[in-house]
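Dropping run.cif in here (mmCIF, C-alpha atoms):
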```cif
data_coords
loop_
_atom_site.label_atom_id
_atom_site.label_comp_id
_atom_site.auth_asym_id
_atom_site.auth_seq_id
_atom_site.Cartn_x
_atom_site.Cartn_y
_atom_site.Cartn_z
CA MET X 1 48.39 117.11 103.48
CA LYS X 2 47.40 115.86 100.07
CA MET X 3 48.69 112.88 98.15
CA VAL X 4 49.19 113.64 94.47
CA ASP X 5 46.80 112.00 92.02
CA GLY X 6 47.85 109.29 89.63
CA MET X 7 49.98 107.16 91.91
CA MET X 8 49.97 103.40 91.62
CA ILE X 9 51.04 101.27 94.54
CA THR X 10 51.97 97.65 94.06
CA GLN X 11 53.56 94.95 96.17
CA VAL X 12 57.00 93.56 95.36
CA GLY X 13 58.08 90.77 97.66
CA GLU X 14 57.77 92.03 101.21
CA ASP X 15 57.67 95.68 100.18
CA TRP X 16 55.34 98.12 98.49
CA VAL X 17 56.31 100.52 95.72
CA ALA X 18 54.53 103.77 94.78
CA VAL X 19 55.03 104.80 91.14
CA PRO X 20 53.42 107.65 89.18
CA THR X 21 51.19 106.43 86.37
CA GLY X 22 49.32 107.93 83.41
CA GLU X 23 49.65 111.67 83.01
CA ALA X 24 51.24 111.96 86.45
CA SER X 25 54.26 110.08 85.09
CA SER X 26 55.07 113.06 82.85
CA LYS X 27 55.29 115.39 85.82
CA LEU X 28 56.49 113.17 88.64
CA HIS X 29 59.50 110.94 88.77
CA GLY X 30 59.65 110.01 92.42
CA ILE X 31 59.42 106.31 93.17
CA VAL X 32 59.09 105.30 96.78
CA ARG X 33 59.51 101.89 98.39
CA PHE X 34 58.20 101.11 101.82
CA ASN X 35 57.61 98.12 104.05
CA LYS X 36 54.29 96.95 105.48
CA THR X 37 54.40 99.60 108.21
CA GLY X 38 54.87 102.27 105.59
CA LYS X 39 51.93 100.82 103.67
CA VAL X 40 49.67 101.31 106.69
CA VAL X 41 50.81 104.94 106.85
CA TRP X 42 50.34 105.37 103.09
CA ASP X 43 46.77 104.06 103.29
CA ALA X 44 46.00 106.41 106.16
CA LEU X 45 47.42 109.44 104.35
CA ALA X 46 45.60 108.47 101.15
CA GLU X 47 42.34 108.56 103.14
CA GLY X 48 43.16 112.12 104.16
CA LEU X 49 44.13 111.41 107.76
CA ASP X 50 46.64 113.70 109.43
CA GLU X 51 49.91 112.52 110.99
CA GLU X 52 48.48 111.89 114.44
CA ALA X 53 45.57 109.87 113.10
CA ALA X 54 47.93 107.87 110.87
CA ALA X 55 50.09 107.16 113.92
CA GLY X 56 46.96 105.92 115.63
CA ARG X 57 46.57 103.29 112.91
CA LEU X 58 50.05 102.03 113.76
CA THR X 59 49.42 101.86 117.49
CA ASP X 60 46.16 100.02 116.81
CA ARG X 61 47.93 97.44 114.74
CA TYR X 62 51.36 97.06 116.27
CA ASP X 63 52.86 96.99 119.73
CA VAL X 64 54.41 100.45 119.47
CA ASP X 65 54.06 103.59 121.57
CA ASP X 66 52.64 106.88 120.32
CA GLU X 67 56.01 108.56 120.05
CA ARG X 68 57.57 105.85 117.90
CA ALA X 69 54.44 105.60 115.77
CA LEU X 70 54.46 109.34 115.11
CA ALA X 71 58.16 109.22 114.27
CA ALA X 72 57.47 106.40 111.79
CA VAL X 73 54.67 108.41 110.19
CA ARG X 74 56.87 111.49 109.90
CA GLY X 75 59.57 109.36 108.26
CA VAL X 76 57.12 108.21 105.61
CA VAL X 77 55.77 111.74 105.11
CA GLU X 78 59.29 113.06 104.61
CA LYS X 79 60.04 110.34 102.07
CA LEU X 80 56.87 111.09 100.14
CA GLU X 81 57.44 114.84 100.21
CA SER X 82 61.01 114.41 98.95
CA ALA X 83 59.70 112.39 96.03
CA GLY X 84 57.10 115.03 95.25
CA LEU X 85 54.24 112.68 96.03
CA LEU X 86 52.76 114.56 98.98
CA SER X 87 52.07 118.23 99.46
CA ARG X 88 51.08 120.21 102.54
CA MET L 1 55.66 104.48 54.06
CA THR L 2 58.34 101.85 54.51
CA ASP L 3 57.92 98.33 55.87
CA PHE L 4 60.60 96.20 57.42
CA VAL L 5 61.18 93.60 60.12
CA ILE L 6 63.59 94.12 63.01
CA SER L 7 64.60 91.67 65.70
CA LEU L 8 64.78 93.12 69.20
CA ALA L 9 65.68 90.77 72.05
CA ASP L 10 65.03 87.84 69.67
CA VAL L 11 61.49 89.06 68.92
CA PRO L 12 60.93 89.78 65.22
CA ILE L 13 58.72 92.85 64.87
CA ALA L 14 57.18 94.09 61.61
CA VAL L 15 57.39 97.88 61.44
CA SER L 16 55.51 100.27 59.16
CA ALA L 17 57.20 103.65 59.33
CA LEU L 18 56.57 106.98 57.64
CA HIS L 19 60.27 107.74 57.13
CA GLU L 20 62.86 105.66 55.28
CA SER L 21 65.43 106.97 57.74
CA THR L 22 63.79 104.90 60.50
CA ARG L 23 64.59 101.76 58.54
CA ASP L 24 68.17 102.99 58.09
CA PHE L 25 68.36 103.73 61.82
CA CYS L 26 67.51 100.09 62.58
CA GLY L 27 70.16 98.89 60.11
CA GLY L 28 71.99 96.20 62.08
CA TRP L 29 68.73 94.85 63.52
CA LEU L 30 66.92 94.29 60.22
CA VAL L 31 65.98 90.66 59.58
CA ASP L 32 64.33 88.68 56.86
CA GLU L 33 61.99 86.44 58.84
CA PRO L 34 58.31 86.23 59.76
CA ALA L 35 57.29 88.73 62.40
CA ARG L 36 55.68 87.85 65.70
CA GLU L 37 54.55 91.38 66.49
CA ARG L 38 53.59 94.44 64.48
CA ILE L 39 54.06 98.18 65.00
CA VAL L 40 52.50 100.79 62.73
CA LEU L 41 53.91 104.25 63.30
CA THR L 42 51.67 107.24 62.59
CA GLN L 43 51.96 111.01 62.56
CA ASP L 44 50.07 110.95 65.89
CA ASP L 45 52.95 108.92 67.38
CA ILE L 46 55.42 111.53 66.13
CA GLU L 47 53.37 114.37 67.59
CA SER L 48 53.17 112.54 70.93
CA GLU L 49 56.96 112.32 70.96
CA ARG L 50 57.16 116.03 70.19
CA ARG L 51 55.02 116.71 73.28
CA TYR L 52 57.04 114.35 75.50
CA ALA L 53 60.28 116.00 74.38
CA ALA L 54 58.91 119.47 75.12
CA GLU L 55 57.71 118.33 78.57
CA GLN L 56 61.15 116.93 79.31
CA ASN L 57 62.87 120.14 78.22
CA VAL L 58 60.59 122.13 80.52
CA ARG L 59 61.18 119.72 83.40
CA GLU L 60 64.93 120.11 82.98
CA GLY L 61 64.68 123.89 82.83
CA LEU L 62 65.76 123.99 79.21
CA ARG L 63 64.45 125.91 76.26
CA VAL L 64 61.95 123.80 74.35
CA ARG L 65 63.90 122.41 71.40
CA SER L 66 62.57 121.68 67.97
CA TYR L 67 63.06 118.15 66.60
CA GLY L 68 62.45 116.82 63.13
CA ASP L 69 59.76 114.24 62.40
CA ALA L 70 62.29 111.64 61.26
CA TYR L 71 64.19 111.71 64.55
CA LEU L 72 61.00 111.70 66.59
CA GLU L 73 59.80 108.64 64.70
CA THR L 74 62.81 106.68 65.98
CA LEU L 75 61.78 107.61 69.52
CA ALA L 76 58.20 106.59 68.80
CA LEU L 77 59.47 103.21 67.61
CA TYR L 78 61.45 102.80 70.82
CA ARG L 79 58.40 103.60 72.94
CA ARG L 80 56.11 101.27 71.04
CA ALA L 81 58.70 98.48 71.01
CA ALA L 82 59.13 98.84 74.77
CA SER L 83 55.41 98.19 75.27
CA VAL L 84 55.40 95.22 72.91
CA LEU L 85 58.44 93.62 74.51
CA LEU L 86 56.96 93.74 78.00
CA ARG L 87 54.87 90.79 76.84
CA TYR L 88 58.16 88.91 76.57
CA ASP L 89 59.34 89.91 80.06
CA THR L 90 61.75 92.34 78.46
CA VAL L 91 62.32 95.93 79.57
CA VAL L 92 64.18 98.86 78.07
CA PHE L 93 66.71 100.05 80.61
CA HIS L 94 68.66 103.29 80.83
CA GLY L 95 72.30 102.38 81.19
CA ALA L 96 75.53 101.35 79.53
CA VAL L 97 76.24 97.64 79.11
CA LEU L 98 79.85 96.53 78.86
CA ALA L 99 80.82 93.09 77.64
CA VAL L 100 83.84 91.14 78.80
CA GLY L 101 84.24 87.56 77.65
CA GLU L 102 80.85 85.90 77.89
CA ARG L 103 79.39 88.25 80.49
CA ALA L 104 77.74 91.67 80.50
CA TYR L 105 77.95 94.36 83.18
CA LEU L 106 75.50 97.24 83.34
CA PHE L 107 76.14 100.73 84.72
CA THR L 108 73.22 103.00 85.40
CA ALA L 109 72.88 106.55 86.69
CA PRO L 110 71.06 109.77 85.88
CA SER L 111 72.39 111.51 82.78
CA GLY L 112 75.55 113.47 83.43
CA THR L 113 76.80 111.30 86.30
CA GLY L 114 79.59 109.64 84.35
CA LYS L 115 78.33 106.38 82.82
CA THR L 116 79.91 107.05 79.45
CA THR L 117 83.17 108.19 81.02
CA HIS L 118 83.29 105.07 83.18
CA ALA L 119 82.51 102.95 80.12
CA ARG L 120 85.43 104.54 78.28
CA PHE L 121 87.74 103.74 81.20
CA TRP L 122 86.68 100.08 81.02
CA LEU L 123 87.28 100.04 77.25
CA ALA L 124 90.78 101.40 77.82
CA GLN L 125 91.77 99.19 80.73
CA VAL L 126 89.82 95.93 80.75
CA PRO L 127 91.17 93.48 78.17
CA GLY L 128 88.65 92.40 75.57
CA CYS L 129 85.97 94.82 76.73
CA TYR L 130 83.46 96.25 74.27
CA VAL L 131 80.19 98.15 74.54
CA LEU L 132 77.08 96.04 74.02
CA ASN L 133 74.92 99.16 74.28
CA GLY L 134 75.70 102.66 75.46
CA ASP L 135 72.26 104.02 76.32
CA LYS L 136 69.12 101.85 76.08
CA PRO L 137 69.77 98.11 76.21
CA LEU L 138 66.99 95.59 76.47
CA LEU L 139 66.96 93.28 79.46
CA ARG L 140 65.06 90.00 79.26
CA ILE L 141 64.26 88.90 82.79
CA GLY L 142 63.84 85.14 82.87
CA ASP L 143 63.14 82.80 85.74
CA SER L 144 66.81 82.19 86.49
CA ASP L 145 68.81 84.80 84.63
CA VAL L 146 68.77 88.19 82.94
CA VAL L 147 70.03 88.61 79.37
CA ALA L 148 71.18 91.99 78.05
CA TYR L 149 70.62 92.81 74.37
CA GLY L 150 72.00 95.54 72.17
CA THR L 151 69.54 97.88 70.45
CA PRO L 152 69.68 100.59 67.76
CA TRP L 153 69.24 103.19 70.54
CA MET L 154 72.89 103.61 71.42
CA GLY L 155 73.02 107.20 72.67
CA LYS L 156 74.90 110.23 71.39
CA GLU L 157 78.19 108.36 71.13
CA GLY L 158 76.66 105.62 69.00
CA MET L 159 78.34 102.84 70.99
CA GLY L 160 76.88 99.35 70.74
CA VAL L 161 76.47 96.19 68.74
CA ASN L 162 73.71 93.76 67.89
CA GLY L 163 74.49 91.04 70.41
CA PHE L 164 73.40 89.56 73.70
CA LEU L 165 75.02 88.24 76.84
CA PRO L 166 73.95 87.12 80.33
CA LEU L 167 74.02 89.99 82.79
CA ALA L 168 76.54 89.33 85.53
CA GLY L 169 76.23 92.60 87.45
CA LEU L 170 74.34 95.87 87.68
CA CYS L 171 76.06 98.90 89.20
CA VAL L 172 74.39 102.15 90.24
CA LEU L 173 76.86 104.98 89.78
CA ARG L 174 76.97 108.27 91.62
CA ARG L 175 79.55 111.00 91.94
CA ASP L 176 81.58 111.06 95.13
CA ASP L 177 84.79 112.56 96.47
CA HIS L 178 86.47 109.15 96.52
CA ASP L 179 86.12 105.89 94.61
CA HIS L 180 84.43 102.98 96.33
CA ILE L 181 82.14 100.11 95.41
CA GLU L 182 79.94 97.92 97.59
CA ARG L 183 77.24 95.33 97.15
CA LEU L 184 73.74 96.77 97.11
CA ASP L 185 70.75 95.14 98.73
CA ALA L 186 67.99 94.27 96.26
CA ARG L 187 65.33 96.01 98.34
CA GLU L 188 67.39 99.20 98.51
CA ALA L 189 68.02 99.05 94.76
CA LEU L 190 64.40 98.47 93.77
CA SER L 191 63.39 102.14 93.40
CA THR L 192 66.45 102.85 91.28
CA ILE L 193 65.90 99.82 89.06
CA ILE L 194 62.30 100.87 88.47
CA ALA L 195 63.29 104.49 87.87
CA GLN L 196 65.87 103.49 85.26
CA SER L 197 63.46 101.18 83.42
CA HIS L 198 61.25 102.50 80.66
CA ARG L 199 57.83 102.78 82.29
CA PRO L 200 54.68 102.80 80.17
CA LYS L 201 51.88 105.13 81.17
CA ASP L 202 49.24 102.38 81.36
CA PRO L 203 48.85 100.87 84.83
CA MET L 204 49.00 97.24 83.70
CA GLY L 205 52.27 97.80 81.87
CA LEU L 206 53.62 99.67 84.85
CA VAL L 207 52.74 96.83 87.22
CA ARG L 208 54.60 94.43 84.91
CA VAL L 209 57.71 96.63 84.89
CA VAL L 210 57.66 96.81 88.69
CA GLU L 211 57.31 93.01 88.93
CA LEU L 212 60.18 92.48 86.50
CA ALA L 213 62.35 94.99 88.35
CA GLY L 214 61.75 93.08 91.56
CA ARG L 215 62.66 89.80 89.89
CA MET L 216 65.78 91.28 88.33
CA GLY L 217 67.02 92.41 91.71
CA SER L 218 66.94 88.81 92.94
CA LEU L 219 68.79 87.41 89.91
CA VAL L 220 71.67 89.82 89.28
CA PRO L 221 74.45 90.90 91.68
CA LEU L 222 73.83 94.54 92.49
CA TRP L 223 76.44 97.17 93.26
CA GLN L 224 76.63 100.83 94.11
CA MET L 225 79.67 102.85 93.27
CA GLY L 226 80.83 106.27 94.29
CA CYS L 227 83.18 107.53 91.62
CA THR L 228 85.45 110.51 91.08
CA LEU L 229 85.90 109.99 87.32
CA ASP L 230 89.49 108.93 87.94
CA GLU L 231 90.33 106.30 85.35
CA ARG L 232 91.67 103.98 88.05
CA SER L 233 88.10 103.48 89.25
CA ALA L 234 87.48 101.24 86.24
CA LEU L 235 89.81 98.50 87.43
CA MET L 236 88.33 98.74 90.91
CA SER L 237 84.79 98.23 89.64
CA TRP L 238 85.84 95.53 87.18
CA ARG L 239 87.69 93.53 89.83
CA ALA L 240 84.77 93.79 92.25
CA MET L 241 82.03 92.95 89.77
CA CYS L 242 83.78 89.99 88.21
CA GLY L 243 84.80 88.61 91.60
CA LEU L 244 88.54 89.07 91.30
CA ALA L 245 88.71 91.07 94.51
CA ASP L 246 87.18 88.18 96.52
CA ALA L 247 89.28 85.58 94.74
CA GLU L 248 92.49 87.36 95.72
CA ALA L 249 91.46 88.01 99.33
#
```
Could I get this file's structure written as structure tokens?
Amino acid sequence: MKMVDGMMITQVGEDWVAVPTGEASSKLHGIVRFNKTGKVVWDALAEGLDEEAAAGRLTDRYDVDDERALAAVRGVVEKLESAGLLSR
Amino acid sequence: MTDFVISLADVPIAVSALHESTRDFCGGWLVDEPARERIVLTQDDIESERRYAAEQNVREGLRVRSYGDAYLETLALYRRAASVLLRYDTVVFHGAVLAVGERAYLFTAPSGTGKTTHARFWLAQVPGCYVLNGDKPLLRIGDSDVVAYGTPWMGKEGMGVNGFLPLAGLCVLRRDDHDHIERLDAREALSTIIAQSHRPKDPMGLVRVVELAGRMGSLVPLWQMGCTLDERSALMSWRAMCGLADAEA
């Protein structure tokens, strides 16, 4: 999986928002909001980790089992793919 | 070259333009007062707009259209003004602002959803209603309120006036098979508010727009409406957004 280049992520209140910036803003229009759990997943994906490894970050940090963590990661991946911000 | 001063959202801006028609375009916003900001429009600005317009045509699957320099200069002015006004916590927003009494109500949606149609229903059915701006109003996001301003960029229908009013509601419209309107949570609305705001390409400007969008969501009642383009939907949205529905419950 690869995150598209040119994304800016910034915090708004309790949430994080990913917005295309620079030249990417001409091609991409998806804007995604996620909570702090989603931010952990975003950071993992941005480092190039796969879904299972990203889920591992969640289980390291929160009291959540592997299955729920993987489901959370897949939810974020789906959101990012729908917005055109992540490609497989 | 032509030089003039326009006031946008109470900020007087000195403009140097290549085309006299740009001055004419700004007609109702021309002022005779010292400027606080300055914009100098160049042929490079016009060529940038030509590229943006072509990119948008391609993105929408349309044939790349040809636009004249004079028209493109008005777009360049809009883009430059949007960047300048961010310094005053003011964003250009894509939507139609309707005024009733001393309050403004904003409807936003992707093009083609029905904003203009809904606006026309309000004009026909809500007493005293007029259009503050039909396409690109300015929103000044203060610490405790949001004020909507008219601009020269009024859309194809040319609906709007040079005025300003406090914003009493923001409604996200979408097509549906029945008419309904509900309150929208600020967190849920954030992506839409950002998407409908003019976003500069530079990261610092973008961060500011995102911050202002977040603040706006906490200051203005937010709504989402599914609409069928039946004219009766106008009274439903009006009664909800101005609180009549609660008052009569």
Of the listed residues X:Val4, X:Lys79, X:Val64, X:Asp15, that which approaches Asn35 of chain X most closely, counting only C-alpha atoms: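 Selected residue with least distance to Asn35 of chain X: X:Asp15.
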Run the PyMOL selection byres ((chain X) within 7 of (chain L)) mentally over the shown coordinates, then write out the matched residues as an MDAnalysis selection string, using the chain letters and numbers from the document. chainID X and resid 10 12 21:22 25 31:33
I need every residue sitting at most 6 Å from the point (54.8, 103.1, 98.4) (coordinates as in the file, only C-alpha atoms considered), written as number ranges by chain. X: 9, 16-18, 32-34
Atoms kept (C-alpha atoms) for selection, written as a compact mmCIF listing (two decimals), in the frame of the given file:
```
# COMPACT_ATOMS: atom_id res chain seq x y z
CA ILE X 9 51.04 101.27 94.54
CA TRP X 16 55.34 98.12 98.49
CA VAL X 17 56.31 100.52 95.72
CA ALA X 18 54.53 103.77 94.78
CA VAL X 32 59.09 105.30 96.78
CA ARG X 33 59.51 101.89 98.39
CA PHE X 34 58.20 101.11 101.82
```
Please list as a list in words every residue within 9 Å of Ala109 of chain L, counting all atoms listed in the file and excluding residues in the same chain fewer than 3 positions away.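 Residues near the query, excluding close chain neighbours: His94, Gly95, Gly112, Thr113, Gly114, Lys115, Cys171, Val172, Leu173, Arg174, Thr192 and Gln196 of chain L.
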Residues in the PyMOL selection byres ((chain L and resi 162) around 12), expressed as number ranges by chain: L: 6-10, 26-31, 130-134, 137-138, 148-154, 159-161, 163-165
Could the centre and edge lengths of an axis-aligned box, enclosing all atoms of segment 216-232 of chain L in the file with 8 Å extra on each side, be given in Å to one decimal as lines of an AutoDock Vina configuration file?
```
center_x = 78.7
center_y = 99.0
center_z = 89.8
size_x = 41.9
size_y = 39.1
size_z = 24.9
```
On this structure, which residues satisfy the PyMOL selection byres ((chain X and resi 3) around 8), written as a list in words? Met1, Lys2, Val4, Asp5, Leu45, Ala46, Leu85, Leu86 and Ser87 of chain X
Please, could you write that set of residues out with C-alpha atoms as a PDB file, in the frame of the given file?
```pdb
ATOM      1  CA  MET X   1      48.390 117.110 103.480  1.00  0.00           C
ATOM      2  CA  LYS X   2      47.400 115.860 100.070  1.00  0.00           C
ATOM      3  CA  VAL X   4      49.190 113.640  94.470  1.00  0.00           C
ATOM      4  CA  ASP X   5      46.800 112.000  92.020  1.00  0.00           C
ATOM      5  CA  LEU X  45      47.420 109.440 104.350  1.00  0.00           C
ATOM      6  CA  ALA X  46      45.600 108.470 101.150  1.00  0.00           C
ATOM      7  CA  LEU X  85      54.240 112.680  96.030  1.00  0.00           C
ATOM      8  CA  LEU X  86      52.760 114.560  98.980  1.00  0.00           C
ATOM      9  CA  SER X  87      52.070 118.230  99.460  1.00  0.00           C
TER      10      SER X  87
END
```
Can you put N, CA and C atoms back into segment 163-192 of chain L and show it as a PDB file, in the frame of the given file?
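Okay, out.pdb is ready:
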```pdb
ATOM      1  N   GLY L 163      74.049  92.265  69.757  1.00  0.00           N
ATOM      2  CA  GLY L 163      74.490  91.040  70.410  1.00  0.00           C
ATOM      3  C   GLY L 163      73.730  90.863  71.694  1.00  0.00           C
ATOM      4  N   PHE L 164      74.047  89.776  72.409  1.00  0.00           N
ATOM      5  CA  PHE L 164      73.400  89.560  73.700  1.00  0.00           C
ATOM      6  C   PHE L 164      74.299  88.716  74.580  1.00  0.00           C
ATOM      7  N   LEU L 165      74.203  88.963  75.872  1.00  0.00           N
ATOM      8  CA  LEU L 165      75.020  88.240  76.840  1.00  0.00           C
ATOM      9  C   LEU L 165      74.280  88.171  78.176  1.00  0.00           C
ATOM     10  N   PRO L 166      74.555  87.140  78.990  1.00  0.00           N
ATOM     11  CA  PRO L 166      73.950  87.120  80.330  1.00  0.00           C
ATOM     12  C   PRO L 166      74.507  88.253  81.165  1.00  0.00           C
ATOM     13  N   LEU L 167      73.627  88.861  81.955  1.00  0.00           N
ATOM     14  CA  LEU L 167      74.020  89.990  82.790  1.00  0.00           C
ATOM     15  C   LEU L 167      74.594  89.479  84.097  1.00  0.00           C
ATOM     16  N   ALA L 168      75.838  89.849  84.350  1.00  0.00           N
ATOM     17  CA  ALA L 168      76.540  89.330  85.530  1.00  0.00           C
ATOM     18  C   ALA L 168      76.648  90.371  86.643  1.00  0.00           C
ATOM     19  N   GLY L 169      76.162  91.576  86.404  1.00  0.00           N
ATOM     20  CA  GLY L 169      76.230  92.600  87.450  1.00  0.00           C
ATOM     21  C   GLY L 169      75.565  93.875  86.996  1.00  0.00           C
ATOM     22  N   LEU L 170      74.976  94.574  87.939  1.00  0.00           N
ATOM     23  CA  LEU L 170      74.340  95.870  87.680  1.00  0.00           C
ATOM     24  C   LEU L 170      74.867  96.831  88.726  1.00  0.00           C
ATOM     25  N   CYS L 171      75.427  97.947  88.281  1.00  0.00           N
ATOM     26  CA  CYS L 171      76.060  98.900  89.200  1.00  0.00           C
ATOM     27  C   CYS L 171      75.398 100.256  89.077  1.00  0.00           C
ATOM     28  N   VAL L 172      74.962 100.808  90.210  1.00  0.00           N
ATOM     29  CA  VAL L 172      74.390 102.150  90.240  1.00  0.00           C
ATOM     30  C   VAL L 172      75.520 103.127  90.556  1.00  0.00           C
ATOM     31  N   LEU L 173      75.746 104.032  89.639  1.00  0.00           N
ATOM     32  CA  LEU L 173      76.860 104.980  89.780  1.00  0.00           C
ATOM     33  C   LEU L 173      76.376 106.293  90.378  1.00  0.00           C
ATOM     34  N   ARG L 174      77.222 106.894  91.195  1.00  0.00           N
ATOM     35  CA  ARG L 174      76.970 108.270  91.620  1.00  0.00           C
ATOM     36  C   ARG L 174      78.312 108.949  91.818  1.00  0.00           C
ATOM     37  N   ARG L 175      78.312 110.250  91.723  1.00  0.00           N
ATOM     38  CA  ARG L 175      79.550 111.000  91.940  1.00  0.00           C
ATOM     39  C   ARG L 175      79.859 111.051  93.439  1.00  0.00           C
ATOM     40  N   ASP L 176      81.158 110.970  93.738  1.00  0.00           N
ATOM     41  CA  ASP L 176      81.580 111.060  95.130  1.00  0.00           C
ATOM     42  C   ASP L 176      82.980 111.659  95.166  1.00  0.00           C
ATOM     43  N   ASP L 177      83.455 111.961  96.381  1.00  0.00           N
ATOM     44  CA  ASP L 177      84.790 112.560  96.470  1.00  0.00           C
ATOM     45  C   ASP L 177      85.891 111.503  96.554  1.00  0.00           C
ATOM     46  N   HIS L 178      85.484 110.229  96.591  1.00  0.00           N
ATOM     47  CA  HIS L 178      86.470 109.150  96.520  1.00  0.00           C
ATOM     48  C   HIS L 178      85.813 107.938  95.857  1.00  0.00           C
ATOM     49  N   ASP L 179      86.648 107.055  95.318  1.00  0.00           N
ATOM     50  CA  ASP L 179      86.120 105.890  94.610  1.00  0.00           C
ATOM     51  C   ASP L 179      85.906 104.730  95.574  1.00  0.00           C
ATOM     52  N   HIS L 180      84.721 104.153  95.513  1.00  0.00           N
ATOM     53  CA  HIS L 180      84.430 102.980  96.330  1.00  0.00           C
ATOM     54  C   HIS L 180      83.279 102.230  95.705  1.00  0.00           C
ATOM     55  N   ILE L 181      83.234 100.920  95.953  1.00  0.00           N
ATOM     56  CA  ILE L 181      82.140 100.110  95.410  1.00  0.00           C
ATOM     57  C   ILE L 181      81.749  99.074  96.439  1.00  0.00           C
ATOM     58  N   GLU L 182      80.443  98.895  96.627  1.00  0.00           N
ATOM     59  CA  GLU L 182      79.940  97.920  97.590  1.00  0.00           C
ATOM     60  C   GLU L 182      78.757  97.182  96.975  1.00  0.00           C
ATOM     61  N   ARG L 183      78.456  96.036  97.522  1.00  0.00           N
ATOM     62  CA  ARG L 183      77.240  95.330  97.150  1.00  0.00           C
ATOM     63  C   ARG L 183      76.029  96.122  97.612  1.00  0.00           C
ATOM     64  N   LEU L 184      74.963  96.025  96.827  1.00  0.00           N
ATOM     65  CA  LEU L 184      73.740  96.770  97.110  1.00  0.00           C
ATOM     66  C   LEU L 184      72.609  95.771  97.359  1.00  0.00           C
ATOM     67  N   ASP L 185      71.873  96.019  98.410  1.00  0.00           N
ATOM     68  CA  ASP L 185      70.750  95.140  98.730  1.00  0.00           C
ATOM     69  C   ASP L 185      69.632  95.322  97.698  1.00  0.00           C
ATOM     70  N   ALA L 186      69.009  94.205  97.305  1.00  0.00           N
ATOM     71  CA  ALA L 186      67.990  94.270  96.260  1.00  0.00           C
ATOM     72  C   ALA L 186      66.818  95.172  96.640  1.00  0.00           C
ATOM     73  N   ARG L 187      66.462  95.172  97.916  1.00  0.00           N
ATOM     74  CA  ARG L 187      65.330  96.010  98.340  1.00  0.00           C
ATOM     75  C   ARG L 187      65.698  97.487  98.234  1.00  0.00           C
ATOM     76  N   GLU L 188      66.944  97.805  98.615  1.00  0.00           N
ATOM     77  CA  GLU L 188      67.390  99.200  98.510  1.00  0.00           C
ATOM     78  C   GLU L 188      67.475  99.638  97.058  1.00  0.00           C
ATOM     79  N   ALA L 189      67.811  98.711  96.164  1.00  0.00           N
ATOM     80  CA  ALA L 189      68.020  99.050  94.760  1.00  0.00           C
ATOM     81  C   ALA L 189      66.724  99.137  93.970  1.00  0.00           C
ATOM     82  N   LEU L 190      65.634  98.635  94.543  1.00  0.00           N
ATOM     83  CA  LEU L 190      64.400  98.470  93.770  1.00  0.00           C
ATOM     84  C   LEU L 190      63.923  99.789  93.147  1.00  0.00           C
ATOM     85  N   SER L 191      63.878 100.855  93.933  1.00  0.00           N
ATOM     86  CA  SER L 191      63.390 102.140  93.400  1.00  0.00           C
ATOM     87  C   SER L 191      64.238 102.602  92.230  1.00  0.00           C
ATOM     88  N   THR L 192      65.553 102.433  92.360  1.00  0.00           N
ATOM     89  CA  THR L 192      66.450 102.850  91.280  1.00  0.00           C
ATOM     90  C   THR L 192      66.241 102.009  90.037  1.00  0.00           C
TER      91      THR L 192
END
```
